[in-house]
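Chemist: Provided herewith: structure_22.txt, compact mmCIF, C-alpha atoms and all ligand atoms.
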```txt
# COMPACT_ATOMS: atom_id res chain seq x y z
CA MET A 1 -28.69 -11.67 51.64
CA VAL A 2 -25.60 -10.86 49.56
CA ILE A 3 -25.75 -7.35 48.10
CA GLU A 4 -23.90 -7.31 44.83
CA ARG A 5 -21.84 -4.24 44.02
CA ASP A 6 -22.90 -2.46 40.89
CA ILE A 7 -19.58 -2.19 39.11
CA LEU A 8 -21.04 0.31 36.68
CA LEU A 9 -21.77 2.77 39.50
CA GLU A 10 -19.25 1.98 42.21
CA GLU A 11 -15.55 2.45 41.70
CA PRO A 12 -13.30 -0.56 42.43
CA PRO A 13 -12.36 -1.10 46.08
CA VAL A 14 -8.69 -0.43 45.32
CA GLY A 15 -7.62 2.29 42.91
CA ALA A 16 -5.82 1.22 39.70
CA GLU A 17 -3.44 4.21 39.85
CA PRO A 18 -0.26 2.39 40.97
CA LEU A 19 -0.79 -0.27 38.32
CA TYR A 20 -1.54 2.32 35.65
CA GLU A 21 1.54 4.32 36.61
CA LEU A 22 3.65 1.18 36.17
CA LEU A 23 2.03 0.27 32.85
CA GLY A 24 2.23 3.89 31.70
CA THR A 25 5.97 3.94 32.37
CA CYS A 26 6.43 0.70 30.40
CA SER A 27 4.28 1.97 27.55
CA LYS A 28 6.02 5.35 27.32
CA HIS A 29 9.56 4.04 27.53
CA TYR A 30 8.97 1.25 25.03
CA LYS A 31 7.69 3.82 22.52
CA ILE A 32 10.63 6.12 23.18
CA PHE A 33 12.93 3.16 22.55
CA CYS A 34 11.17 2.44 19.22
CA ILE A 35 11.63 6.07 18.17
CA LEU A 36 15.31 6.04 19.11
CA HIS A 37 15.96 2.73 17.39
CA THR A 38 14.15 3.90 14.27
CA ALA A 39 15.86 7.29 14.21
CA VAL A 40 19.28 5.63 14.36
CA SER A 41 18.30 2.88 11.87
CA VAL A 42 17.12 5.38 9.21
CA ARG A 43 20.31 7.38 9.94
CA LEU A 44 18.40 10.49 10.95
CA PHE A 45 21.27 11.75 13.12
CA ASP A 46 23.78 11.21 10.27
CA HIS A 47 21.91 13.96 8.38
CA LEU A 48 21.61 16.51 11.16
CA ASP A 49 25.09 17.95 11.64
CA SER A 50 23.63 21.15 10.24
CA LEU A 51 20.21 22.74 10.72
CA LYS A 52 17.43 21.25 8.57
CA SER A 53 13.65 21.46 8.46
CA ALA A 54 11.62 18.27 8.88
CA ASP A 55 10.64 18.54 5.20
CA GLU A 56 14.26 18.71 4.04
CA LEU A 57 15.20 15.85 6.34
CA SER A 58 12.32 13.63 5.24
CA GLU A 59 13.21 14.24 1.61
CA GLU A 60 16.87 13.32 2.16
CA LEU A 61 15.89 10.16 4.04
CA GLY A 62 12.94 9.25 1.79
CA ILE A 63 10.54 8.99 4.74
CA ASP A 64 7.13 10.42 5.65
CA PRO A 65 7.34 14.22 6.27
CA GLU A 66 4.51 14.48 8.84
CA LEU A 67 5.87 11.66 10.95
CA THR A 68 9.44 12.98 10.58
CA HIS A 69 8.24 16.27 12.04
CA ILE A 70 6.67 14.52 15.04
CA LEU A 71 9.75 12.33 15.59
CA CYS A 72 11.99 15.39 15.55
CA GLU A 73 9.78 17.09 18.13
CA VAL A 74 10.00 14.01 20.39
CA LEU A 75 13.79 13.95 19.97
CA VAL A 76 13.90 17.62 20.98
CA THR A 77 12.01 16.81 24.19
CA LEU A 78 14.56 14.04 24.86
CA GLY A 79 17.48 16.43 24.45
CA LEU A 80 18.74 14.58 21.37
CA LEU A 81 17.98 17.34 18.85
CA GLU A 82 17.98 21.09 19.26
CA LYS A 83 15.49 23.31 17.46
CA GLN A 84 15.99 26.77 16.02
CA ASN A 85 12.82 28.22 14.52
CA ARG A 86 11.58 25.28 12.42
CA PHE A 87 15.02 23.74 11.91
CA TYR A 88 16.57 20.81 13.77
CA ARG A 89 20.18 19.85 14.49
CA ASN A 90 22.01 17.19 16.55
CA THR A 91 22.89 17.95 20.13
CA GLU A 92 26.45 17.07 21.17
CA ILE A 93 25.49 13.71 22.68
CA SER A 94 23.65 12.62 19.49
CA SER A 95 26.56 13.69 17.36
CA ILE A 96 28.95 11.55 19.37
CA TYR A 97 26.82 8.47 20.10
CA LEU A 98 23.91 8.28 17.66
CA LYS A 99 25.49 8.93 14.27
CA THR A 100 26.13 5.53 12.70
CA ASP A 101 29.55 6.56 11.37
CA SER A 102 30.80 7.90 14.72
CA ILE A 103 33.59 5.88 16.35
CA TYR A 104 31.45 5.97 19.53
CA SER A 105 28.25 4.96 17.71
CA GLN A 106 25.80 3.12 19.96
CA TYR A 107 23.84 1.69 17.02
CA GLU A 108 24.89 -1.88 17.93
CA VAL A 109 23.74 -1.29 21.51
CA LEU A 110 20.28 -0.26 20.28
CA ARG A 111 20.20 -3.33 18.03
CA ASN A 112 21.25 -5.51 20.93
CA LEU A 113 18.54 -4.04 23.17
CA GLN A 114 15.97 -4.69 20.45
CA GLY A 115 17.20 -8.27 20.02
CA GLY A 116 16.84 -8.64 23.79
CA PHE A 117 13.21 -7.48 23.64
CA ARG A 118 12.53 -10.11 20.96
CA LEU A 119 14.04 -12.71 23.26
CA TRP A 120 11.89 -11.51 26.16
CA GLU A 121 8.78 -11.99 24.02
CA ASN A 122 9.43 -15.74 24.40
CA LEU A 123 9.08 -15.63 28.19
CA THR A 124 5.76 -17.50 28.27
CA ASP A 125 7.13 -20.17 25.96
CA VAL A 126 10.33 -20.45 28.02
CA LEU A 127 8.28 -20.83 31.21
CA LYS A 128 6.36 -23.69 29.66
CA ASN A 129 8.99 -25.38 27.52
CA GLY A 130 12.37 -24.36 28.91
CA PRO A 131 15.09 -22.00 27.69
CA ILE A 132 15.90 -21.32 24.07
CA LYS A 133 19.00 -23.34 23.15
CA VAL A 134 21.72 -21.26 21.60
CA HIS A 135 25.12 -22.33 20.46
CA GLU A 136 27.61 -20.41 22.62
CA GLN A 137 29.59 -19.26 19.62
CA ALA A 138 26.46 -18.04 17.78
CA PHE A 139 25.40 -16.13 20.89
CA PHE A 140 28.67 -14.18 21.05
CA GLN A 141 29.11 -14.03 17.31
CA ASP A 142 25.77 -12.42 16.49
CA ASN A 143 25.93 -8.77 17.53
CA LEU A 144 27.14 -9.22 21.08
CA ILE A 145 30.80 -8.56 20.38
CA HIS A 146 29.92 -5.34 18.57
CA THR A 147 27.58 -4.10 21.27
CA LEU A 148 30.18 -4.88 23.96
CA ALA A 149 32.77 -2.98 21.91
CA ALA A 150 30.48 0.07 21.69
CA GLU A 151 29.67 -0.15 25.40
CA VAL A 152 33.28 -0.45 26.64
CA LEU A 153 34.44 2.31 24.30
CA SER A 154 32.14 4.69 26.16
CA GLY A 155 34.44 4.56 29.21
CA GLU A 156 35.03 1.14 30.77
CA LEU A 157 37.82 0.27 28.33
CA GLN A 158 39.83 3.42 28.94
CA ARG A 159 39.40 3.24 32.74
CA THR A 160 40.37 -0.45 32.85
CA VAL A 161 43.44 0.08 30.70
CA ARG A 162 44.56 2.99 32.92
CA ILE A 163 44.24 0.82 36.04
CA VAL A 164 46.31 -1.99 34.50
CA ALA A 165 48.90 0.41 33.07
CA GLY A 166 49.57 1.68 36.59
CA PHE A 167 51.39 -1.57 37.45
CA PRO A 168 55.17 -1.62 36.87
CA GLU A 169 54.83 -5.21 35.56
CA PHE A 170 52.64 -3.87 32.73
CA GLN A 171 55.23 -1.30 31.72
CA LYS A 172 57.89 -4.05 31.47
CA ALA A 173 55.64 -6.63 29.78
CA LYS A 174 56.46 -7.89 26.29
CA SER A 175 53.63 -10.33 25.73
CA LEU A 176 49.94 -10.28 26.71
CA LEU A 177 47.12 -12.76 26.18
CA ASP A 178 43.55 -11.39 26.05
CA LEU A 179 41.67 -14.56 26.87
CA GLY A 180 38.14 -14.68 25.43
CA GLY A 181 38.97 -11.20 24.16
CA GLY A 182 36.04 -10.92 21.70
CA HIS A 183 36.35 -7.50 20.06
CA GLY A 184 39.94 -7.41 21.36
CA LEU A 185 39.78 -3.70 22.21
CA TYR A 186 41.50 -4.27 25.54
CA ALA A 187 44.46 -5.98 23.86
CA ILE A 188 44.59 -3.27 21.20
CA ALA A 189 44.51 -0.50 23.80
CA PHE A 190 47.19 -2.23 25.91
CA THR A 191 49.58 -2.21 22.95
CA ARG A 192 48.98 1.55 22.61
CA MET A 193 49.96 2.03 26.27
CA ASN A 194 53.13 -0.08 26.00
CA PRO A 195 55.13 0.27 22.75
CA ASN A 196 57.09 -2.95 23.45
CA LEU A 197 54.03 -5.09 24.03
CA LYS A 198 52.77 -7.75 21.65
CA ALA A 199 49.21 -8.94 22.32
CA TYR A 200 47.32 -12.10 21.36
CA ILE A 201 43.54 -12.30 21.35
CA PHE A 202 42.24 -15.79 22.02
CA ASP A 203 38.63 -16.61 21.13
CA LEU A 204 36.32 -19.07 19.41
CA PRO A 205 36.85 -19.38 15.64
CA GLY A 206 33.46 -17.85 14.69
CA VAL A 207 34.19 -14.76 16.80
CA ILE A 208 37.80 -14.24 15.73
CA LYS A 209 36.84 -13.05 12.25
CA ASP A 210 35.05 -10.10 13.89
CA THR A 211 38.06 -9.53 16.15
CA GLU A 212 40.13 -9.09 13.01
CA THR A 213 37.92 -6.24 11.82
CA TYR A 214 38.72 -4.32 15.04
CA ILE A 215 42.46 -5.01 14.68
CA LYS A 216 42.23 -3.60 11.17
CA ARG A 217 40.07 -0.63 12.14
CA PHE A 218 42.55 0.45 14.82
CA ALA A 219 45.60 -0.44 12.70
CA ALA A 220 46.94 -2.54 15.56
CA ASP A 221 50.13 -4.00 14.12
CA ARG A 222 51.32 -5.69 17.33
CA VAL A 223 48.10 -7.68 17.86
CA GLU A 224 47.48 -11.22 16.63
CA VAL A 225 44.64 -13.68 17.02
CA ILE A 226 44.56 -17.25 18.30
CA THR A 227 41.50 -19.41 17.69
CA GLY A 228 40.53 -21.95 20.29
CA ASN A 229 38.29 -23.03 23.11
CA LEU A 230 39.72 -21.84 26.41
CA PHE A 231 38.23 -24.77 28.32
CA THR A 232 39.63 -27.51 26.12
CA ASP A 233 42.56 -26.08 24.13
CA ASP A 234 46.09 -25.20 25.13
CA LEU A 235 46.58 -21.48 25.86
CA GLY A 236 50.25 -21.46 24.90
CA ASN A 237 52.86 -20.08 27.30
CA GLY A 238 55.45 -17.37 27.83
CA TYR A 239 52.97 -14.55 28.53
CA ASP A 240 53.85 -11.70 30.89
CA ILE A 241 50.17 -10.79 31.34
CA ILE A 242 46.93 -12.70 30.92
CA PHE A 243 43.88 -10.45 30.79
CA PHE A 244 40.57 -12.22 31.29
CA SER A 245 37.39 -10.15 31.15
CA TYR A 246 33.73 -11.21 31.35
CA ASN A 247 34.10 -14.83 30.33
CA PRO A 248 32.15 -18.01 31.02
CA GLY A 249 35.29 -19.44 32.71
CA GLY A 250 35.82 -16.41 34.97
CA LYS A 251 34.99 -18.28 38.17
CA ASN A 252 35.94 -21.75 37.00
CA PRO A 253 38.58 -23.47 39.19
CA ASP A 254 40.17 -25.45 36.32
CA LEU A 255 41.32 -22.31 34.55
CA VAL A 256 43.39 -20.96 37.44
CA PRO A 257 46.25 -23.54 37.16
CA LYS A 258 45.94 -23.40 33.36
CA ILE A 259 46.43 -19.63 33.34
CA HIS A 260 49.22 -19.94 35.92
CA ALA A 261 51.06 -22.40 33.66
CA ALA A 262 50.75 -20.12 30.63
CA LEU A 263 52.33 -17.13 32.45
CA ASN A 264 56.01 -16.34 32.88
CA ASP A 265 57.34 -16.19 36.44
CA GLY A 266 56.18 -12.97 38.10
CA GLY A 267 53.57 -12.47 35.36
CA LEU A 268 50.21 -10.81 36.01
CA PHE A 269 46.80 -12.44 35.86
CA ILE A 270 44.11 -9.78 35.55
CA SER A 271 40.57 -11.02 35.94
CA LYS A 272 37.49 -8.81 35.53
CA HIS A 273 34.31 -10.66 36.49
CA ALA A 274 31.13 -10.53 38.56
CA PHE A 275 31.59 -12.90 41.49
CA TYR A 276 29.02 -14.24 43.92
CA ARG A 277 29.88 -14.40 47.60
CA ARG A 278 28.92 -17.56 49.49
CA GLY A 279 25.15 -17.51 49.98
CA GLU A 280 24.69 -14.30 47.97
CA GLY A 281 21.25 -13.88 46.40
CA SER A 282 20.31 -12.09 43.22
CA LYS A 283 22.39 -9.21 41.91
CA ASP A 284 19.52 -8.16 39.61
CA LEU A 285 16.23 -10.04 39.31
CA LEU A 286 15.43 -8.84 35.79
CA LEU A 287 18.85 -9.93 34.57
CA ASP A 288 18.36 -13.31 36.25
CA VAL A 289 15.20 -13.73 34.17
CA GLU A 290 17.07 -12.66 31.03
CA TRP A 291 19.88 -15.12 31.84
CA ASN A 292 17.33 -17.96 32.05
CA LEU A 293 15.67 -17.22 28.71
CA SER A 294 18.46 -19.00 26.84
CA ALA A 295 20.77 -21.93 27.50
CA PHE A 296 24.21 -22.43 26.00
CA GLU A 297 24.80 -25.72 24.27
CA GLY A 298 28.38 -25.92 25.53
CA VAL A 299 28.96 -24.57 29.03
CA LYS A 300 26.01 -24.92 31.43
CA LYS A 301 24.63 -21.75 32.99
CA GLY A 302 23.70 -21.32 36.65
CA SER A 303 20.38 -19.69 37.56
CA LYS A 304 21.72 -16.18 38.32
CA ILE A 305 23.11 -13.66 35.85
CA TYR A 306 26.72 -14.45 34.82
CA SER A 307 26.75 -17.70 36.83
CA PHE A 308 27.80 -21.06 35.41
CA ALA A 309 27.71 -24.62 36.70
CA GLY A 310 30.89 -25.36 38.65
CA ASP A 311 31.68 -21.71 39.47
CA LEU A 312 33.49 -21.02 42.72
CA SER A 313 32.16 -18.46 45.20
CA TYR A 314 34.19 -15.26 45.49
CA GLU A 315 35.72 -16.44 48.78
CA ASP A 316 36.69 -19.86 47.36
CA TYR A 317 38.00 -18.35 44.14
CA LEU A 318 40.26 -15.97 46.07
CA GLN A 319 41.47 -18.84 48.23
CA LEU A 320 42.33 -20.92 45.16
CA LEU A 321 43.94 -17.91 43.48
CA GLU A 322 46.19 -17.33 46.51
CA ARG A 323 47.68 -20.82 46.06
CA TYR A 324 49.05 -19.87 42.65
CA PHE A 325 49.24 -16.05 42.77
CA SER A 326 49.63 -13.21 45.23
CA VAL A 327 46.73 -10.82 44.87
CA LYS A 328 48.10 -7.30 44.43
CA ARG A 329 44.90 -5.29 44.17
CA ILE A 330 41.14 -5.71 43.85
CA VAL A 331 39.37 -2.84 42.09
CA GLU A 332 35.63 -2.29 42.60
CA ALA A 333 33.20 -1.56 39.76
CA ASN A 334 32.70 2.10 40.71
CA GLU A 335 36.28 2.74 39.51
CA PHE A 336 35.78 1.32 36.00
CA GLY A 337 32.16 0.28 35.28
CA CYS A 338 29.59 1.85 32.95
CA THR A 339 26.04 3.00 33.57
CA HIS A 340 23.78 -0.05 33.47
CA LEU A 341 21.47 -0.77 30.54
CA SER A 342 19.47 -3.47 32.36
CA LYS A 343 20.76 -6.15 30.01
CA PHE A 344 23.46 -8.77 29.58
CA GLY A 345 26.76 -6.89 29.55
CA ASP A 346 26.07 -4.69 32.60
CA THR A 347 29.07 -4.37 34.92
CA LEU A 348 26.97 -4.92 38.07
CA ASP A 349 29.39 -5.36 40.99
CA SER A 350 32.25 -6.83 38.94
CA LYS A 351 35.77 -6.55 40.25
CA ILE A 352 39.17 -6.39 38.64
CA ILE A 353 41.55 -8.73 40.46
CA ILE A 354 45.23 -8.15 39.73
CA ALA A 355 47.35 -11.10 40.82
CA LYS A 356 51.04 -11.88 40.40
CA LYS A 357 52.24 -15.41 39.60
CA LYS A 358 54.05 -17.22 42.39
CA SER A 359 56.88 -19.25 40.92
CA CYS A 360 56.36 -22.17 43.26
CA TYR A 361 53.16 -22.99 45.05
C1 LIG B 1 31.11 -11.39 27.28
S1 LIG B 1 32.32 -11.56 26.02
C2 LIG B 1 33.65 -10.61 26.69
C3 LIG B 1 34.51 -9.99 25.62
C4 LIG B 1 35.65 -9.12 26.18
N1 LIG B 1 36.61 -9.92 26.90
C5 LIG B 1 35.10 -8.03 27.06
O1 LIG B 1 35.36 -8.05 28.26
O2 LIG B 1 34.40 -7.13 26.55
C6 LIG B 1 32.87 -13.20 26.27
C7 LIG B 1 33.89 -13.63 25.24
O3 LIG B 1 34.37 -14.92 25.59
C8 LIG B 1 34.43 -15.70 24.43
N2 LIG B 1 34.28 -17.12 24.81
C9 LIG B 1 33.20 -17.69 25.36
N3 LIG B 1 33.43 -19.01 25.53
C10 LIG B 1 34.68 -19.23 25.08
C11 LIG B 1 35.48 -20.39 24.98
N4 LIG B 1 35.03 -21.56 25.41
N5 LIG B 1 36.72 -20.27 24.45
C12 LIG B 1 37.19 -19.07 24.02
N6 LIG B 1 36.47 -17.94 24.09
C13 LIG B 1 35.23 -18.03 24.62
C14 LIG B 1 33.25 -15.22 23.61
O4 LIG B 1 33.33 -15.60 22.25
C15 LIG B 1 33.32 -13.75 23.84
O5 LIG B 1 34.15 -13.11 22.92
```
Write the structure described by the file as structure tokens, please.
Ligand SMILES: C[S@@+](CC[C@H](N)C(=O)[O-])C[C@H]1O[C@@H](n2cnc3c(N)ncnc32)[C@H](O)[C@@H]1O
Modeler:
Amino acid sequence: MVIERDILLEEPPVGAEPLYELLGTCSKHYKIFCILHTAVSVRLFDHLDSLKSADELSEELGIDPELTHILCEVLVTLGLLEKQNRFYRNTEISSIYLKTDSIYSQYEVLRNLQGGFRLWENLTDVLKNGPIKVHEQAFFQDNLIHTLAAEVLSGELQRTVRIVAGFPEFQKAKSLLDLGGGHGLYAIAFTRMNPNLKAYIFDLPGVIKDTETYIKRFAADRVEVITGNLFTDDLGNGYDIIFFSYNPGGKNPDLVPKIHAALNDGGLFISKHAFYRRGEGSKDLLLDVEWNLSAFEGVKKGSKIYSFAGDLSYEDYLQLLERYFSVKRIVEANEFGCTHLSKFGDTLDSKIIIAKKKSCY
């Protein structure tokens, strides 16, 4: 005779604690994200350079006073506000990164994370009906360029530029191409490091108009833009340096001779990309899922984050590169990368490869 368990009296055979801990972490962190996103969106931090009560703050922002008080208390526990008696003020990190008018503002990063969550909400649909089709240009155009700009400004840009500036060829260079440059901050920063350098930012036409806003913001008078598709259009020639960072063509064999041809003899090709070794598995499973949520209409993605159809493995790419260039240095991500945000844009184990053009190959 089968004795049925009385589920009302007997606890389950396996405790739910590990599952609840996992769900609790998701629940808590999602809510913290919503608070952060909201606080930045309503410009709460813009109003807290000086001490204010929750009532004063809510009046200035035109938002609910009770809820403002609770939000401020949460932000204190997160170390993003400090409290003196019943008054609140920004901590240093909020002042630098969470005010919308700060040059280091991470508002676009929060927006990008939120957009990512919206995309993730389609996971069931994607599983059943395939990835969401996005036009490549629209994907980059939307807020991606701005979030990448905010992310690299928090350290990767400055570290990368310092590494490149250490090469004597950079100091002598007169002309640089920032291929798929997007925001163009690398090109702009390179011209600051070398007063004789003129830089050209090459990108898709829909993206270039945003590039121009960065050129203007940083008053970069030796930086120009070139619109084009790097796979199908001519890149021009006569460059002393071609800088190529985080692009769909980063591991594509066809671009190596094309870049070689566009460089002057002895010129530098600097490539910053995440490569896959032969037989390498996932670099990050969650990012692989994210990568598969959408498909570009132009260039075809591979199944792992930052991979594209026709990409060479790291070993094969280096072998091809050596036919056209001599590799001078390979820099690992720990020397330039940023803390990961578990989203598209993370450095992962990217490398900077600095290679010098061979005149005959
Ligand atoms: C991930 S972003 C990288 C931006 C910048 N280089 C960086 O490292 O932060 C990729 C850039 O490549 C550009 N891009 C993608 N496909 C391109 C193509 N076919 N031709 C020219 N630019 C392209 C995008 O518009 C975008 O600006």
Chemist: At a cut-off of 6 Å and counting only C-alpha atoms and all ligand atoms, what residues surround ligand LIG 1 (chain B)? Please answer as a list in words.
Modeler: Gln137, Phe140, Leu148, Gly180, Gly181, Gly182, Asp203, Leu204, Val207, Gly228, Asn229, Leu230, Phe231, Ser245, Tyr246, Asn247 and Pro248 of chain A
Chemist: Using C-alpha atoms, can you write the selected residues to a file as a PDB file, in the frame of the given file?
Modeler:
```pdb
ATOM      1  CA  GLN A 137      29.590 -19.260  19.620  1.00  0.00           C
ATOM      2  CA  PHE A 140      28.670 -14.180  21.050  1.00  0.00           C
ATOM      3  CA  LEU A 148      30.180  -4.880  23.960  1.00  0.00           C
ATOM      4  CA  GLY A 180      38.140 -14.680  25.430  1.00  0.00           C
ATOM      5  CA  GLY A 181      38.970 -11.200  24.160  1.00  0.00           C
ATOM      6  CA  GLY A 182      36.040 -10.920  21.700  1.00  0.00           C
ATOM      7  CA  ASP A 203      38.630 -16.610  21.130  1.00  0.00           C
ATOM      8  CA  LEU A 204      36.320 -19.070  19.410  1.00  0.00           C
ATOM      9  CA  VAL A 207      34.190 -14.760  16.800  1.00  0.00           C
ATOM     10  CA  GLY A 228      40.530 -21.950  20.290  1.00  0.00           C
ATOM     11  CA  ASN A 229      38.290 -23.030  23.110  1.00  0.00           C
ATOM     12  CA  LEU A 230      39.720 -21.840  26.410  1.00  0.00           C
ATOM     13  CA  PHE A 231      38.230 -24.770  28.320  1.00  0.00           C
ATOM     14  CA  SER A 245      37.390 -10.150  31.150  1.00  0.00           C
ATOM     15  CA  TYR A 246      33.730 -11.210  31.350  1.00  0.00           C
ATOM     16  CA  ASN A 247      34.100 -14.830  30.330  1.00  0.00           C
ATOM     17  CA  PRO A 248      32.150 -18.010  31.020  1.00  0.00           C
TER      18      PRO A 248
END
```
Chemist: Which residue out of A:Ile7, A:Ala39, A:Leu153, A:Leu179 has the minimum interatomic distance to A:Lys272 when all atoms listed in the file are used?
Modeler: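 Once distances to A:Lys272 are computed over all atoms listed in the file, the minimum belongs to A:Leu179.
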Chemist: If we count only C-alpha atoms, what is near A:Arg111 at a cut-off of 9 Å, once residues fewer than 5 positions away on the same chain are taken out, given as a list of chain:residue names?
Modeler: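 That gives A:His37, A:Ser41, A:Gln106, A:Gly116, A:Asn143, A:Thr147.
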Chemist: If I put a ball of radius 12 Å at (50.8, 2.8, 21.8) in the file's coordinates, which residues poke into it when counting only C-alpha atoms, written as a PyMOL selection string?
Modeler: chain A and resi 161+165+171+187-199+218-223
Chemist: Compile a residue-level contact table for stretch 166-218 of chain A against stretch 311-334 of chain A at a cut-off of 12 Å, reporting for every qualifying residue the shortest atom pair and its distance in Å to one decimal, with only C-alpha atoms counted, rows ordered by chain and ascending number, as CSV.
Modeler:
```
residue,atom,partner,partner_atom,distance
A:Gly166,CA,A:Arg329,CA,11.3
A:Phe167,CA,A:Lys328,CA,9.6
A:Pro168,CA,A:Lys328,CA,11.8
A:Glu169,CA,A:Lys328,CA,11.3
```
Chemist: Restricted to C-alpha atoms, what would the selected residues look like written as a short mmCIF file (atom, residue, chain, number, x, y, z; two decimals), in the frame of the given file?
Modeler:
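Output contents, as saved in part16.cif:
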```cif
data_model
loop_
_atom_site.label_atom_id
_atom_site.label_comp_id
_atom_site.auth_asym_id
_atom_site.auth_seq_id
_atom_site.Cartn_x
_atom_site.Cartn_y
_atom_site.Cartn_z
CA GLY A 166 49.57 1.68 36.59
CA PHE A 167 51.39 -1.57 37.45
CA PRO A 168 55.17 -1.62 36.87
CA GLU A 169 54.83 -5.21 35.56
#
```
Chemist: So, with all atoms listed in the file as the atoms that count, which of A:Asp178, A:Asp210, A:Glu66, A:Glu17 lies closest to A:Tyr239?
Modeler: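 Using all atoms listed in the file, the shortest distance to A:Tyr239 belongs to A:Asp178.
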Chemist: So which residues touch A:Leu287 within 12 Å, counting all atoms listed in the file, skipping near sequence neighbours fewer than 5 positions away, as a list in words?
Modeler: Gly116, Trp120, Ser282, Asn292, Leu293, Ser294, Ser303, Lys304, Ile305, Tyr306, Ser307, His340, Leu341, Ser342, Lys343, Phe344, Gly345, Asp346, Thr347 and Leu348 of chain A
Chemist: Using only C-alpha atoms, can you tell me which of A:Lys52, A:Leu44, A:Ile103, A:Pro12 comes closest to A:Leu80?
Modeler: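 Of all the options, A:Leu44 lies closest to A:Leu80.
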Chemist: Using all atoms listed in the file, which protein or nucleic acid residues come within 10 Å of A:Ile259? Drop anything in the same chain fewer than 6 positions from it, and give the result as a list of chain:residue names.
Modeler: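 In the requested format, the answer is A:Leu177, A:Leu179, A:Leu230, A:Asp234, A:Leu235, A:Gly236, A:Asn237, A:Tyr239, A:Ile241, A:Ile242, A:Phe243, A:Phe244, A:Leu268, A:Phe269, A:Tyr324, A:Lys357.
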Chemist: Could you write out the selected residues, including C-alpha atoms, as a PDB file, keeping the file's coordinate frame?
Modeler:
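As written to disk, out.pdb reads:
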```pdb
ATOM      1  CA  LEU A 177      47.120 -12.760  26.180  1.00  0.00           C
ATOM      2  CA  LEU A 179      41.670 -14.560  26.870  1.00  0.00           C
ATOM      3  CA  LEU A 230      39.720 -21.840  26.410  1.00  0.00           C
ATOM      4  CA  ASP A 234      46.090 -25.200  25.130  1.00  0.00           C
ATOM      5  CA  LEU A 235      46.580 -21.480  25.860  1.00  0.00           C
ATOM      6  CA  GLY A 236      50.250 -21.460  24.900  1.00  0.00           C
ATOM      7  CA  ASN A 237      52.860 -20.080  27.300  1.00  0.00           C
ATOM      8  CA  TYR A 239      52.970 -14.550  28.530  1.00  0.00           C
ATOM      9  CA  ILE A 241      50.170 -10.790  31.340  1.00  0.00           C
ATOM     10  CA  ILE A 242      46.930 -12.700  30.920  1.00  0.00           C
ATOM     11  CA  PHE A 243      43.880 -10.450  30.790  1.00  0.00           C
ATOM     12  CA  PHE A 244      40.570 -12.220  31.290  1.00  0.00           C
ATOM     13  CA  LEU A 268      50.210 -10.810  36.010  1.00  0.00           C
ATOM     14  CA  PHE A 269      46.800 -12.440  35.860  1.00  0.00           C
ATOM     15  CA  TYR A 324      49.050 -19.870  42.650  1.00  0.00           C
ATOM     16  CA  LYS A 357      52.240 -15.410  39.600  1.00  0.00           C
TER      17      LYS A 357
END
```
Chemist: As a PyMOL selection string, please: the residues near A:Thr91 (cut-off 9 Å, all atoms listed in the file, same-chain neighbours under 6 positions excluded).
Modeler: chain A and resi 49+79-82
Chemist: Separation of atom CA of A:Tyr30 and atom CA of A:Lys283, in Å?
Modeler: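 Atom CA of A:Lys283 lies 24.0 Å from atom CA of A:Tyr30.
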Chemist: Find, counting all atoms listed in the file, the residue in A:Thr227, A:Tyr186, A:Gly302, A:Gly238 that gets nearest to A:Arg162.
Modeler: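 Ranking A:Thr227, A:Tyr186, A:Gly302, A:Gly238 by distance to A:Arg162, first place goes to A:Tyr186.
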Chemist: Just to confirm, what's the straight-line distance from atom CA of A:Lys172 to atom CA of A:Asn264 in Å (one decimal)?
Modeler: 12.5 Å
Chemist: Out of A:Ala150, A:Leu75, A:Ala309, A:Val14, which residue has the shortest atom-to-atom distance to A:Ser102 when counting only C-alpha atoms?
Modeler: A:Ala150
Chemist: Quote the spacing between atom CA of A:His260 and atom CA of A:Ile354 in Å to one decimal place.
Modeler: 13.0 Å
Chemist: Draw an axis-aligned box over all listed atoms of stretch 333-349 of chain A, pad each side with 8 Å, and write its centre and edge lengths in Å, one decimal, as JSON.
Modeler:
```
{"center_x": 27.9, "center_y": -2.9, "center_z": 35.3, "size_x": 32.8, "size_y": 27.8, "size_z": 27.4}
```
